[in-house]
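Asks: Sharing a structure here in structure tokens format.
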Amino acid sequence: MAESTWIELLEVRLPVDRILAFVSGDPALGGIVSFFGATRGESDEVHGPLLRLEYEAYRSMALNQLEELTQNAMRRWGAGRVAILHRLGPVGVGECSVAIAVACPHRAEAFEACRWLIDELKREVPIWKKDVFADGAMQWVEPDPNEQRA
């Protein structure tokens, strides 16, 4: 973790309080925006309720790409501090699977940078998820081509 960035893939719960503390406190960075993505409680007509998601990654490539995204956000929006953490392994319904926090001089840039980072992470970074249902069925989740991109 560099002084102004925190990038990590974890197999434990994400430390939400520490993430927010990491991007806070710099008097030059007045816009702080965070995004936390959690597993939704869904149900499949055939397989029943979703129990959890299981995440896998090509770890070294994912970390490199997250670092590149972070550096791009710092250049493009003047982000002074950026944290991107993603869970690997099983993530139960209601649990946080991804966290992005950005601190920029102004709120508009912080919102734009945070939105761009989550969209690019989902589109480019080799992290995959599998649905696990109550009946034991599992299926890989394909990215949604209709999802809005910044």
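All residue names refer to the structure tokens as shown: chains lettered A, B, ... in order, residues numbered from 1 in each chain, ligands numbered from 1 in order.
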Considering only C-alpha atoms, return as a VMD selection string whatever protein or nucleic-acid residues lie within 9 Å of range 13-30 of chain A, sequence-local ones (same chain, fewer than 2 positions apart) excluded.

Replies: chain A and resid 4 to 6 10 to 11 32 34 36 79 to 87 91 95 to 107

Asks: Grab the residues selected above and save them as a compact mmCIF listing (two decimals), in the first residue's frame with N, CA and C atoms.

Replies:
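Full text of again_21.txt as output:
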# COMPACT_ATOMS: atom_id res chain seq x y z
N SER A 4 -0.66 7.06 -0.73
CA SER A 4 -1.91 7.65 -1.22
C SER A 4 -2.86 6.63 -1.85
N THR A 5 -2.45 5.37 -1.93
CA THR A 5 -3.34 4.35 -2.49
C THR A 5 -3.35 3.12 -1.60
N TRP A 6 -4.49 2.44 -1.63
CA TRP A 6 -4.65 1.18 -0.91
C TRP A 6 -5.42 0.26 -1.83
N LEU A 10 -8.96 -9.42 -0.64
CA LEU A 10 -9.04 -10.03 0.69
C LEU A 10 -10.00 -11.20 0.72
N GLU A 11 -9.72 -12.15 1.57
CA GLU A 11 -10.62 -13.28 1.77
C GLU A 11 -11.35 -13.18 3.10
N ILE A 32 -15.02 13.60 -0.79
CA ILE A 32 -14.76 12.19 -0.50
C ILE A 32 -16.01 11.40 -0.86
N SER A 34 -17.52 7.36 -1.64
CA SER A 34 -17.25 5.92 -1.53
C SER A 34 -18.38 5.13 -2.15
N PHE A 36 -19.76 1.04 -1.90
CA PHE A 36 -19.66 -0.28 -1.30
C PHE A 36 -20.70 -1.16 -1.98
N ALA A 79 -7.33 12.91 -7.96
CA ALA A 79 -7.56 12.17 -6.71
C ALA A 79 -6.27 12.12 -5.91
N GLY A 80 -6.37 12.49 -4.66
CA GLY A 80 -5.20 12.49 -3.79
C GLY A 80 -5.06 11.20 -2.99
N ARG A 81 -6.20 10.53 -2.78
CA ARG A 81 -6.18 9.25 -2.05
C ARG A 81 -7.25 8.36 -2.68
N VAL A 82 -6.87 7.10 -2.89
CA VAL A 82 -7.79 6.13 -3.49
C VAL A 82 -7.62 4.79 -2.80
N ALA A 83 -8.74 4.18 -2.44
CA ALA A 83 -8.74 2.82 -1.89
C ALA A 83 -9.66 1.95 -2.74
N ILE A 84 -9.16 0.79 -3.15
CA ILE A 84 -9.98 -0.20 -3.85
C ILE A 84 -9.68 -1.55 -3.20
N LEU A 85 -10.70 -2.12 -2.59
CA LEU A 85 -10.57 -3.43 -1.96
C LEU A 85 -11.68 -4.32 -2.49
N HIS A 86 -11.35 -5.57 -2.76
CA HIS A 86 -12.32 -6.53 -3.29
C HIS A 86 -12.18 -7.84 -2.55
N ARG A 87 -13.31 -8.45 -2.25
CA ARG A 87 -13.32 -9.76 -1.61
C ARG A 87 -13.06 -10.85 -2.63
N VAL A 91 -18.93 -14.81 -0.37
CA VAL A 91 -19.46 -13.56 0.18
C VAL A 91 -20.96 -13.73 0.32
N GLU A 95 -23.37 -9.07 2.64
CA GLU A 95 -21.96 -8.75 2.90
C GLU A 95 -21.38 -7.92 1.76
N CYS A 96 -20.42 -7.09 2.12
CA CYS A 96 -19.76 -6.21 1.16
C CYS A 96 -18.70 -7.00 0.37
N SER A 97 -18.75 -6.87 -0.96
CA SER A 97 -17.78 -7.57 -1.80
C SER A 97 -16.75 -6.64 -2.43
N VAL A 98 -17.10 -5.37 -2.56
CA VAL A 98 -16.16 -4.42 -3.16
C VAL A 98 -16.34 -3.07 -2.47
N ALA A 99 -15.21 -2.38 -2.30
CA ALA A 99 -15.22 -1.05 -1.70
C ALA A 99 -14.27 -0.16 -2.48
N ILE A 100 -14.78 1.02 -2.84
CA ILE A 100 -13.96 2.03 -3.51
C ILE A 100 -14.19 3.33 -2.78
N ALA A 101 -13.13 4.01 -2.42
CA ALA A 101 -13.22 5.32 -1.79
C ALA A 101 -12.20 6.24 -2.45
N VAL A 102 -12.64 7.45 -2.74
CA VAL A 102 -11.82 8.41 -3.47
C VAL A 102 -11.90 9.76 -2.77
N ALA A 103 -10.76 10.41 -2.63
CA ALA A 103 -10.72 11.78 -2.11
C ALA A 103 -10.08 12.67 -3.17
N CYS A 104 -10.82 13.70 -3.56
CA CYS A 104 -10.37 14.67 -4.56
C CYS A 104 -10.55 16.08 -3.99
N PRO A 105 -9.97 17.07 -4.64
CA PRO A 105 -10.16 18.43 -4.15
C PRO A 105 -11.64 18.86 -4.09
N HIS A 106 -12.45 18.38 -5.04
CA HIS A 106 -13.86 18.80 -5.12
C HIS A 106 -14.77 17.60 -5.30
N ARG A 107 -16.05 17.76 -4.92
CA ARG A 107 -16.98 16.64 -4.94
C ARG A 107 -17.26 16.11 -6.35

Asks: Among range 22-140 of chain A, which ones does DSSP place in strand (DSSP E), written as a tab-separated table (two decimals) with N, CA and C atoms, in the first residue's frame?

Replies:
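Once written, selection24.tsv looks like this:
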chain	number	residue	atom	x	y	z
A	31	GLY	N	-13.58	16.61	-1.35
A	31	GLY	CA	-14.62	15.73	-1.87
A	31	GLY	C	-14.25	14.28	-1.63
A	32	ILE	N	-15.02	13.60	-0.79
A	32	ILE	CA	-14.76	12.19	-0.50
A	32	ILE	C	-16.01	11.40	-0.86
A	33	VAL	N	-15.84	10.44	-1.75
A	33	VAL	CA	-16.96	9.63	-2.22
A	33	VAL	C	-16.56	8.17	-2.09
A	34	SER	N	-17.52	7.36	-1.64
A	34	SER	CA	-17.25	5.92	-1.53
A	34	SER	C	-18.38	5.13	-2.15
A	35	PHE	N	-18.03	3.93	-2.60
A	35	PHE	CA	-19.00	2.98	-3.12
A	35	PHE	C	-18.72	1.64	-2.45
A	36	PHE	N	-19.76	1.04	-1.90
A	36	PHE	CA	-19.66	-0.28	-1.30
A	36	PHE	C	-20.70	-1.16	-1.98
A	37	GLY	N	-20.24	-2.23	-2.61
A	37	GLY	CA	-21.15	-3.16	-3.28
A	37	GLY	C	-21.35	-4.40	-2.43
A	38	ALA	N	-22.61	-4.76	-2.20
A	38	ALA	CA	-22.93	-5.91	-1.36
A	38	ALA	C	-23.72	-6.94	-2.16
A	43	SER	N	-33.55	-14.47	-5.79
A	43	SER	CA	-34.05	-15.83	-5.87
A	43	SER	C	-34.19	-16.21	-7.33
A	44	ASP	N	-33.89	-17.45	-7.62
A	44	ASP	CA	-34.02	-18.01	-8.97
A	44	ASP	C	-35.24	-18.92	-8.99
A	48	GLY	N	-34.06	-21.51	-6.34
A	48	GLY	CA	-34.40	-20.94	-5.04
A	48	GLY	C	-33.53	-19.76	-4.68
A	49	PRO	N	-33.45	-19.46	-3.38
A	49	PRO	CA	-32.71	-18.26	-2.93
A	49	PRO	C	-31.21	-18.37	-3.18
A	50	LEU	N	-30.63	-17.21	-3.45
A	50	LEU	CA	-29.17	-17.11	-3.56
A	50	LEU	C	-28.60	-17.16	-2.15
A	51	LEU	N	-27.63	-18.04	-1.93
A	51	LEU	CA	-26.98	-18.14	-0.62
A	51	LEU	C	-25.77	-17.22	-0.51
A	52	ARG	N	-24.99	-17.18	-1.60
A	52	ARG	CA	-23.75	-16.41	-1.58
A	52	ARG	C	-23.22	-16.26	-3.00
A	53	LEU	N	-22.25	-15.39	-3.13
A	53	LEU	CA	-21.43	-15.29	-4.34
A	53	LEU	C	-20.06	-15.84	-3.98
A	54	GLU	N	-19.39	-16.41	-4.95
A	54	GLU	CA	-18.01	-16.85	-4.76
A	54	GLU	C	-17.16	-16.15	-5.81
A	55	TYR	N	-16.15	-15.41	-5.32
A	55	TYR	CA	-15.29	-14.63	-6.20
A	55	TYR	C	-13.94	-15.32	-6.38
A	56	GLU	N	-13.46	-15.26	-7.61
A	56	GLU	CA	-12.12	-15.73	-7.95
A	56	GLU	C	-11.45	-14.65	-8.76
A	57	ALA	N	-10.13	-14.65	-8.77
A	57	ALA	CA	-9.39	-13.64	-9.52
A	57	ALA	C	-8.10	-14.21	-10.06
A	81	ARG	N	-6.20	10.53	-2.78
A	81	ARG	CA	-6.18	9.25	-2.05
A	81	ARG	C	-7.25	8.36	-2.68
A	82	VAL	N	-6.87	7.10	-2.89
A	82	VAL	CA	-7.79	6.13	-3.49
A	82	VAL	C	-7.62	4.79	-2.80
A	83	ALA	N	-8.74	4.18	-2.44
A	83	ALA	CA	-8.74	2.82	-1.89
A	83	ALA	C	-9.66	1.95	-2.74
A	84	ILE	N	-9.16	0.79	-3.15
A	84	ILE	CA	-9.98	-0.20	-3.85
A	84	ILE	C	-9.68	-1.55	-3.20
A	85	LEU	N	-10.70	-2.12	-2.59
A	85	LEU	CA	-10.57	-3.43	-1.96
A	85	LEU	C	-11.68	-4.32	-2.49
A	86	HIS	N	-11.35	-5.57	-2.76
A	86	HIS	CA	-12.32	-6.53	-3.29
A	86	HIS	C	-12.18	-7.84	-2.55
A	87	ARG	N	-13.31	-8.45	-2.25
A	87	ARG	CA	-13.32	-9.76	-1.61
A	87	ARG	C	-13.06	-10.85	-2.63
A	89	GLY	N	-13.31	-15.37	-2.64
A	89	GLY	CA	-13.94	-16.44	-1.88
A	89	GLY	C	-15.42	-16.18	-1.68
A	90	PRO	N	-16.03	-16.86	-0.71
A	90	PRO	CA	-17.47	-16.74	-0.50
A	90	PRO	C	-17.85	-15.41	0.16
A	91	VAL	N	-18.93	-14.81	-0.37
A	91	VAL	CA	-19.46	-13.56	0.18
A	91	VAL	C	-20.96	-13.73	0.32
A	92	GLY	N	-21.44	-13.79	1.54
A	92	GLY	CA	-22.85	-14.04	1.81
A	92	GLY	C	-23.74	-12.85	1.47
A	96	CYS	N	-20.42	-7.09	2.12
A	96	CYS	CA	-19.76	-6.21	1.16
A	96	CYS	C	-18.70	-7.00	0.37
A	97	SER	N	-18.75	-6.87	-0.96
A	97	SER	CA	-17.78	-7.57	-1.80
A	97	SER	C	-16.75	-6.64	-2.43
A	98	VAL	N	-17.10	-5.37	-2.56
A	98	VAL	CA	-16.16	-4.42	-3.16
A	98	VAL	C	-16.34	-3.07	-2.47
A	99	ALA	N	-15.21	-2.38	-2.30
A	99	ALA	CA	-15.22	-1.05	-1.70
A	99	ALA	C	-14.27	-0.16	-2.48
A	100	ILE	N	-14.78	1.02	-2.84
A	100	ILE	CA	-13.96	2.03	-3.51
A	100	ILE	C	-14.19	3.33	-2.78
A	101	ALA	N	-13.13	4.01	-2.42
A	101	ALA	CA	-13.22	5.32	-1.79
A	101	ALA	C	-12.20	6.24	-2.45
A	102	VAL	N	-12.64	7.45	-2.74
A	102	VAL	CA	-11.82	8.41	-3.47
A	102	VAL	C	-11.90	9.76	-2.77
A	103	ALA	N	-10.76	10.41	-2.63
A	103	ALA	CA	-10.72	11.78	-2.11
A	103	ALA	C	-10.08	12.67	-3.17
A	104	CYS	N	-10.82	13.70	-3.56
A	104	CYS	CA	-10.37	14.67	-4.56
A	104	CYS	C	-10.55	16.08	-3.99
A	127	ILE	N	-11.69	-10.43	-12.22
A	127	ILE	CA	-12.33	-10.94	-11.01
A	127	ILE	C	-13.67	-11.48	-11.46
A	128	TRP	N	-13.95	-12.74	-11.14
A	128	TRP	CA	-15.16	-13.39	-11.59
A	128	TRP	C	-16.00	-13.83	-10.41
A	129	LYS	N	-17.33	-13.88	-10.63
A	129	LYS	CA	-18.20	-14.32	-9.53
A	129	LYS	C	-19.12	-15.43	-10.00
A	130	LYS	N	-19.45	-16.27	-9.02
A	130	LYS	CA	-20.32	-17.42	-9.25
A	130	LYS	C	-21.46	-17.33	-8.24
A	131	ASP	N	-22.71	-17.49	-8.73
A	131	ASP	CA	-23.88	-17.58	-7.85
A	131	ASP	C	-23.94	-18.97	-7.25
A	132	VAL	N	-24.27	-19.05	-5.96
A	132	VAL	CA	-24.48	-20.33	-5.29
A	132	VAL	C	-25.88	-20.27	-4.66
A	133	PHE	N	-26.73	-21.21	-5.09
A	133	PHE	CA	-28.14	-21.21	-4.67
A	133	PHE	C	-28.43	-22.25	-3.60
A	138	MET	N	-24.79	-23.93	-8.94
A	138	MET	CA	-23.84	-22.84	-9.07
A	138	MET	C	-23.78	-22.42	-10.53
A	139	GLN	N	-23.65	-21.12	-10.75
A	139	GLN	CA	-23.49	-20.64	-12.12
A	139	GLN	C	-22.64	-19.38	-12.14
A	140	TRP	N	-21.74	-19.32	-13.13
A	140	TRP	CA	-20.91	-18.14	-13.30
A	140	TRP	C	-21.78	-16.99	-13.77

Asks: A:Thr39, A:Ile7, A:Glu68, A:His47: which is nearest Ala134 in chain A, counting only C-alpha atoms?

Replies: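 Going through A:Thr39, A:Ile7, A:Glu68, A:His47 one by one, the smallest distance to Ala134 in chain A is for A:His47.
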
Asks: For Leu66 in chain A, which residue among A:Gly94, A:Gly136, A:Gly41, A:Pro126 is the nearest when counting only C-alpha atoms?

Replies: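 Distance minimum relative to Leu66 in chain A lands on A:Pro126.
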
Asks: Hey, which of A:Val46, A:Val12, A:Ala73, A:Val141 ends up closest to Lys122 in chain A? Count only C-alpha atoms.

Replies: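 Going through A:Val46, A:Val12, A:Ala73, A:Val141 one by one, the smallest distance to Lys122 in chain A is for A:Val141.
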